[in-house]
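Let me begin by presenting the structure, written as structure tokens, before commenting on it.
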Amino acid sequence: MYIGRILEQNYFDVRSSETISSGLEKMNEVHTNQLVVVDKTDFIGIITEDDLLGASDERKLISSLTVSLRFLYLYEYQHIYDALQYMSAHQLQILPVLNKDNVYLGVVTLQNLITALNSTLGNQNPGAIIVLELGKNDVSFSHIAHIFESENVRILNSAVRDIPDTTKVEMTIKVDKQNISTLVASLWRFDYVVKATFNDGSQDSDIKERYDILMNYLNL
């Protein structure tokens with residue numbers, strides 16, 4: 001999803017010709033500690049509450065603080081994953097968005113971003129979550145997908161992260177079903193380590209106990 005599709009307009013902007021006092025009032029009004037300074041459609045920068053509170057005179061214009069502005073933005077055609085990474089790296093509550101001609105269009109808020117990510121990941125759909133632990137050289141998406149398909153379970157989304165200080169990765173998979181007991185059994189059968197499951201309709205969340213039950217079954 002492009003970030004241009006999730007913009008907020010005319011709520012988080014102030015002009016450089018406005019006073020510092022009006023900037024603080026606007027922050028209070030929209031419940032944020034960051035605002036975008038814009039002159040017509042020209043993006044000037046991001047100003048923070050600390051910038052405004054640190055001013056010696058609230059009657060001065062915001063333009064007197066332009067040296068403090070953070071010149072951070074993305075373009076409307078960039079992906080929401082870019083926005084997530086950028087906002088996290090720079091600790092932004094709002095992300096200014098420009099078009100290809102560098103004209104200011106609006107902002108992406110954290111709430112906009114969370115809603116968009118939830119939709120992109122298919123997370124609004126009911127289903128169980130499976131967490132696997134794999135060696136970095138043992139990740140075979142095609143084989144894992146084949147196991148899921150053989151159990152008539154559709155993968156809604158997946159994510160992989162490195163486990164710090166190890167040679168392993170953690171794969172989190174959201175599926176379209178809650179009853180996944182046979183799928184978990186199949187994963188164990190193929191020597192995949194199932195670290196945890198969530199929203200699977202089971203009152204028993206102890207993976208080790210499930211593993212022991214499976215082993216007893218296979219030994220019969």
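Chain labels A, B, ... are given in the sequence in which chains occur in the structure tokens; within each chain residues are numbered consecutively from 1, and ligands are likewise numbered from 1 in the order shown.
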
Closest atom pairs, residues of segment 74-120 of chain A within 10 Å of segment 2-7 of chain A, only C-alpha atoms, as CSV:
residue,atom,partner,partner_atom,distance
A:Leu74,CA,A:Ile3,CA,8.7
A:Tyr75,CA,A:Gly4,CA,7.7
A:Glu76,CA,A:Gly4,CA,4.1
A:Tyr77,CA,A:Tyr2,CA,5.5
A:Gln78,CA,A:Tyr2,CA,5.5
A:His79,CA,A:Tyr2,CA,4.5
A:Ile80,CA,A:Ile3,CA,5.2
A:Tyr81,CA,A:Ile3,CA,8.9
A:Asp82,CA,A:Ile3,CA,8.7
A:Ala83,CA,A:Ile3,CA,7.3
A:Leu95,CA,A:Leu7,CA,9.4
A:Pro96,CA,A:Leu7,CA,9.1
A:Val97,CA,A:Gly4,CA,7.4
A:Leu98,CA,A:Gly4,CA,8.7
A:Asn99,CA,A:Gly4,CA,8.6
A:Leu105,CA,A:Leu7,CA,7.8
A:Gly106,CA,A:Leu7,CA,5.8
A:Val107,CA,A:Leu7,CA,5.4
A:Val108,CA,A:Leu7,CA,5.2
A:Thr109,CA,A:Leu7,CA,7.9
A:Gln111,CA,A:Ile6,CA,9.9
A:Asn112,CA,A:Ile6,CA,6.2
A:Leu113,CA,A:Ile6,CA,7.6
A:Thr115,CA,A:Ile6,CA,9.1
A:Ala116,CA,A:Ile6,CA,7.4

Write out as a list of chain:residue names the residues lying within 8 Å of segment 88-93 of chain A, counting only C-alpha atoms and excluding same-chain residues fewer than 6 positions away.
A:Thr32, A:Asn33, A:Gln34, A:Thr109, A:Leu110

Would you save the residues of that selection, restricted to N, CA and C atoms, as an mmCIF file, in the first residue's frame?
data_model
loop_
_atom_site.group_PDB
_atom_site.id
_atom_site.type_symbol
_atom_site.label_atom_id
_atom_site.label_comp_id
_atom_site.auth_asym_id
_atom_site.auth_seq_id
_atom_site.Cartn_x
_atom_site.Cartn_y
_atom_site.Cartn_z
ATOM 1 N N THR A 32 -0.797 16.261 19.799
ATOM 2 C CA THR A 32 0.489 15.812 19.289
ATOM 3 C C THR A 32 1.582 16.740 19.795
ATOM 4 N N ASN A 33 2.827 16.303 19.753
ATOM 5 C CA ASN A 33 3.927 17.205 20.115
ATOM 6 C C ASN A 33 4.817 17.495 18.911
ATOM 7 N N GLN A 34 4.263 17.244 17.720
ATOM 8 C CA GLN A 34 4.969 17.567 16.478
ATOM 9 C C GLN A 34 3.978 18.155 15.477
ATOM 10 N N THR A 109 -0.090 9.682 10.079
ATOM 11 C CA THR A 109 0.001 9.589 11.536
ATOM 12 C C THR A 109 0.270 8.141 11.933
ATOM 13 N N LEU A 110 0.671 7.958 13.173
ATOM 14 C CA LEU A 110 0.894 6.605 13.660
ATOM 15 C C LEU A 110 -0.380 5.771 13.587
#

Enumerate, as a count of residues only, the complete set of residues in segment 16-166 of chain A that a backbone-based DSSP assignment places in alpha helix (DSSP H).
48

With a cut-off of 8 Å, could you pull out the residues of segment 79-110 of chain A touching segment 41-49 of chain A and give me the nearest pair of atoms for each, distance in Å to one decimal, using only C-alpha atoms, ordered by chain and ascending number, as JSON lines?
{"residue": "A:Asn102", "atom": "CA", "partner": "A:Asp42", "partner_atom": "CA", "distance": 7.7}
{"residue": "A:Val103", "atom": "CA", "partner": "A:Thr41", "partner_atom": "CA", "distance": 5.5}
{"residue": "A:Tyr104", "atom": "CA", "partner": "A:Thr41", "partner_atom": "CA", "distance": 5.1}
{"residue": "A:Leu105", "atom": "CA", "partner": "A:Thr41", "partner_atom": "CA", "distance": 7.6}

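Across the model, the gap from atom CA of Asp13 of chain A to atom CA of Leu35 of chain A is 5.8 Å.
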
For Glu18 of chain A, work out the shell of residues within 10 Å, counting only C-alpha atoms and skipping chain neighbours fewer than 5 positions away, then give it as a ChimeraX atom specification.
/A:23,37,59-63

What would the file look like if the residues just selected were written as a short mmCIF file (atom, residue, chain, number, x, y, z; two decimals), in the first residue's frame with N, CA, C and O atoms?
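Just written: part.cif:
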data_model
loop_
_atom_site.label_atom_id
_atom_site.label_comp_id
_atom_site.auth_asym_id
_atom_site.auth_seq_id
_atom_site.Cartn_x
_atom_site.Cartn_y
_atom_site.Cartn_z
N GLY A 23 1.04 27.89 17.66
CA GLY A 23 1.56 26.55 17.41
C GLY A 23 1.32 25.62 18.58
O GLY A 23 0.91 24.47 18.41
N VAL A 37 5.53 22.47 9.48
CA VAL A 37 5.54 23.89 9.10
C VAL A 37 5.50 23.96 7.58
O VAL A 37 6.34 23.39 6.89
N ARG A 59 5.25 35.15 21.61
CA ARG A 59 4.65 36.05 20.63
C ARG A 59 5.46 36.10 19.34
O ARG A 59 5.00 36.62 18.32
N LYS A 60 6.66 35.53 19.38
CA LYS A 60 7.47 35.49 18.17
C LYS A 60 6.86 34.54 17.14
O LYS A 60 6.05 33.67 17.47
N LEU A 61 7.28 34.70 15.91
CA LEU A 61 6.78 33.84 14.84
C LEU A 61 7.54 32.52 14.79
O LEU A 61 8.71 32.45 15.19
N ILE A 62 6.86 31.52 14.30
CA ILE A 62 7.50 30.21 14.15
C ILE A 62 8.70 30.30 13.21
O ILE A 62 9.68 29.55 13.36
N SER A 63 8.66 31.22 12.28
CA SER A 63 9.78 31.40 11.36
C SER A 63 11.09 31.72 12.08
O SER A 63 12.17 31.48 11.55
#

Which of segment 35-113 of chain A end up as strand (DSSP E or B) when DSSP is run on this backbone - answer as a list in words?
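Restricting segment 35-113 of chain A to strand (DSSP E or B) produces Leu35, Val36, Val37, Val38, Asp39, Asp42, Phe43, Ile44, Gly45, Ile46, Ile47, Thr48, Leu61, Arg70, Leu74, Tyr75, His79, Ile94, Leu95, Pro96, Val97, Leu98, Tyr104, Leu105, Gly106, Val107, Val108 and Thr109 of chain A.
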
Near Val153 of chain A, within 12 Å and counting only C-alpha atoms, which residues show up once chain neighbours fewer than 5 positions away are dropped, as an mmCIF file with N, CA, C and O atoms, in the first residue's frame?
data_model
loop_
_atom_site.group_PDB
_atom_site.id
_atom_site.type_symbol
_atom_site.label_atom_id
_atom_site.label_comp_id
_atom_site.auth_asym_id
_atom_site.auth_seq_id
_atom_site.Cartn_x
_atom_site.Cartn_y
_atom_site.Cartn_z
ATOM 1 N N GLY A 127 -8.088 -15.914 12.739
ATOM 2 C CA GLY A 127 -7.180 -17.017 12.427
ATOM 3 C C GLY A 127 -6.123 -17.174 13.487
ATOM 4 O O GLY A 127 -5.923 -16.291 14.328
ATOM 5 N N ALA A 128 -5.450 -18.290 13.437
ATOM 6 C CA ALA A 128 -4.417 -18.595 14.427
ATOM 7 C C ALA A 128 -3.066 -18.039 13.986
ATOM 8 O O ALA A 128 -2.854 -17.694 12.827
ATOM 9 N N ILE A 129 -2.160 -17.948 14.940
ATOM 10 C CA ILE A 129 -0.792 -17.496 14.703
ATOM 11 C C ILE A 129 0.164 -18.591 15.155
ATOM 12 O O ILE A 129 0.019 -19.133 16.255
ATOM 13 N N ILE A 130 1.117 -18.907 14.299
ATOM 14 C CA ILE A 130 2.104 -19.943 14.587
ATOM 15 C C ILE A 130 3.497 -19.314 14.557
ATOM 16 O O ILE A 130 3.814 -18.562 13.637
ATOM 17 N N ILE A 144 7.592 -25.043 3.668
ATOM 18 C CA ILE A 144 6.642 -24.672 4.721
ATOM 19 C C ILE A 144 5.264 -24.423 4.110
ATOM 20 O O ILE A 144 4.240 -24.889 4.622
ATOM 21 N N ALA A 145 5.224 -23.706 2.999
ATOM 22 C CA ALA A 145 3.955 -23.430 2.336
ATOM 23 C C ALA A 145 3.274 -24.716 1.889
ATOM 24 O O ALA A 145 2.045 -24.847 1.962
ATOM 25 N N HIS A 146 4.084 -25.681 1.430
ATOM 26 C CA HIS A 146 3.525 -26.959 0.996
ATOM 27 C C HIS A 146 2.855 -27.692 2.159
ATOM 28 O O HIS A 146 1.773 -28.297 1.986
ATOM 29 N N ILE A 147 3.467 -27.644 3.330
ATOM 30 C CA ILE A 147 2.865 -28.282 4.510
ATOM 31 C C ILE A 147 1.531 -27.630 4.840
ATOM 32 O O ILE A 147 0.529 -28.314 5.109
ATOM 33 N N PHE A 148 1.492 -26.322 4.800
ATOM 34 C CA PHE A 148 0.254 -25.614 5.103
ATOM 35 C C PHE A 148 -0.827 -25.956 4.076
ATOM 36 O O PHE A 148 -1.990 -26.177 4.438
ATOM 37 N N ILE A 173 3.666 -16.733 11.510
ATOM 38 C CA ILE A 173 2.750 -16.965 10.396
ATOM 39 C C ILE A 173 1.307 -16.844 10.874
ATOM 40 O O ILE A 173 0.911 -17.483 11.853
ATOM 41 N N LYS A 174 0.536 -16.005 10.188
ATOM 42 C CA LYS A 174 -0.903 -15.886 10.463
ATOM 43 C C LYS A 174 -1.654 -16.692 9.411
ATOM 44 O O LYS A 174 -1.372 -16.589 8.215
ATOM 45 N N VAL A 175 -2.602 -17.540 9.867
ATOM 46 C CA VAL A 175 -3.351 -18.392 8.945
ATOM 47 C C VAL A 175 -4.844 -18.094 9.040
ATOM 48 O O VAL A 175 -5.294 -17.366 9.934
ATOM 49 N N ASP A 176 -5.612 -18.685 8.141
ATOM 50 C CA ASP A 176 -7.034 -18.356 8.057
ATOM 51 C C ASP A 176 -7.919 -19.271 8.892
ATOM 52 O O ASP A 176 -9.143 -19.181 8.827
ATOM 53 N N LYS A 177 -7.321 -20.167 9.692
ATOM 54 C CA LYS A 177 -8.106 -21.066 10.531
ATOM 55 C C LYS A 177 -7.624 -21.014 11.968
ATOM 56 O O LYS A 177 -6.484 -20.636 12.241
ATOM 57 N N GLN A 178 -8.518 -21.381 12.882
ATOM 58 C CA GLN A 178 -8.141 -21.420 14.291
ATOM 59 C C GLN A 178 -7.820 -22.841 14.753
ATOM 60 O O GLN A 178 -6.971 -23.035 15.611
ATOM 61 N N ASN A 179 -8.498 -23.810 14.191
ATOM 62 C CA ASN A 179 -8.217 -25.202 14.559
ATOM 63 C C ASN A 179 -7.023 -25.686 13.744
ATOM 64 O O ASN A 179 -7.149 -26.071 12.585
ATOM 65 N N ILE A 180 -5.856 -25.645 14.351
ATOM 66 C CA ILE A 180 -4.619 -25.953 13.625
ATOM 67 C C ILE A 180 -3.861 -27.110 14.254
ATOM 68 O O ILE A 180 -2.663 -27.278 14.037
ATOM 69 N N SER A 181 -4.542 -27.943 15.015
ATOM 70 C CA SER A 181 -3.853 -29.032 15.710
ATOM 71 C C SER A 181 -3.184 -29.987 14.727
ATOM 72 O O SER A 181 -2.051 -30.436 14.960
ATOM 73 N N THR A 182 -3.858 -30.335 13.617
ATOM 74 C CA THR A 182 -3.240 -31.249 12.647
ATOM 75 C C THR A 182 -2.082 -30.577 11.925
ATOM 76 O O THR A 182 -1.099 -31.232 11.585
ATOM 77 N N LEU A 183 -2.178 -29.272 11.694
ATOM 78 C CA LEU A 183 -1.075 -28.535 11.064
ATOM 79 C C LEU A 183 0.147 -28.531 11.968
ATOM 80 O O LEU A 183 1.281 -28.764 11.508
ATOM 81 N N VAL A 184 -0.062 -28.265 13.253
ATOM 82 C CA VAL A 184 1.058 -28.273 14.203
ATOM 83 C C VAL A 184 1.700 -29.657 14.248
ATOM 84 O O VAL A 184 2.934 -29.785 14.263
ATOM 85 N N SER A 186 1.792 -31.822 11.848
ATOM 86 C CA SER A 186 2.558 -31.991 10.604
ATOM 87 C C SER A 186 3.883 -31.254 10.668
ATOM 88 O O SER A 186 4.919 -31.762 10.222
#
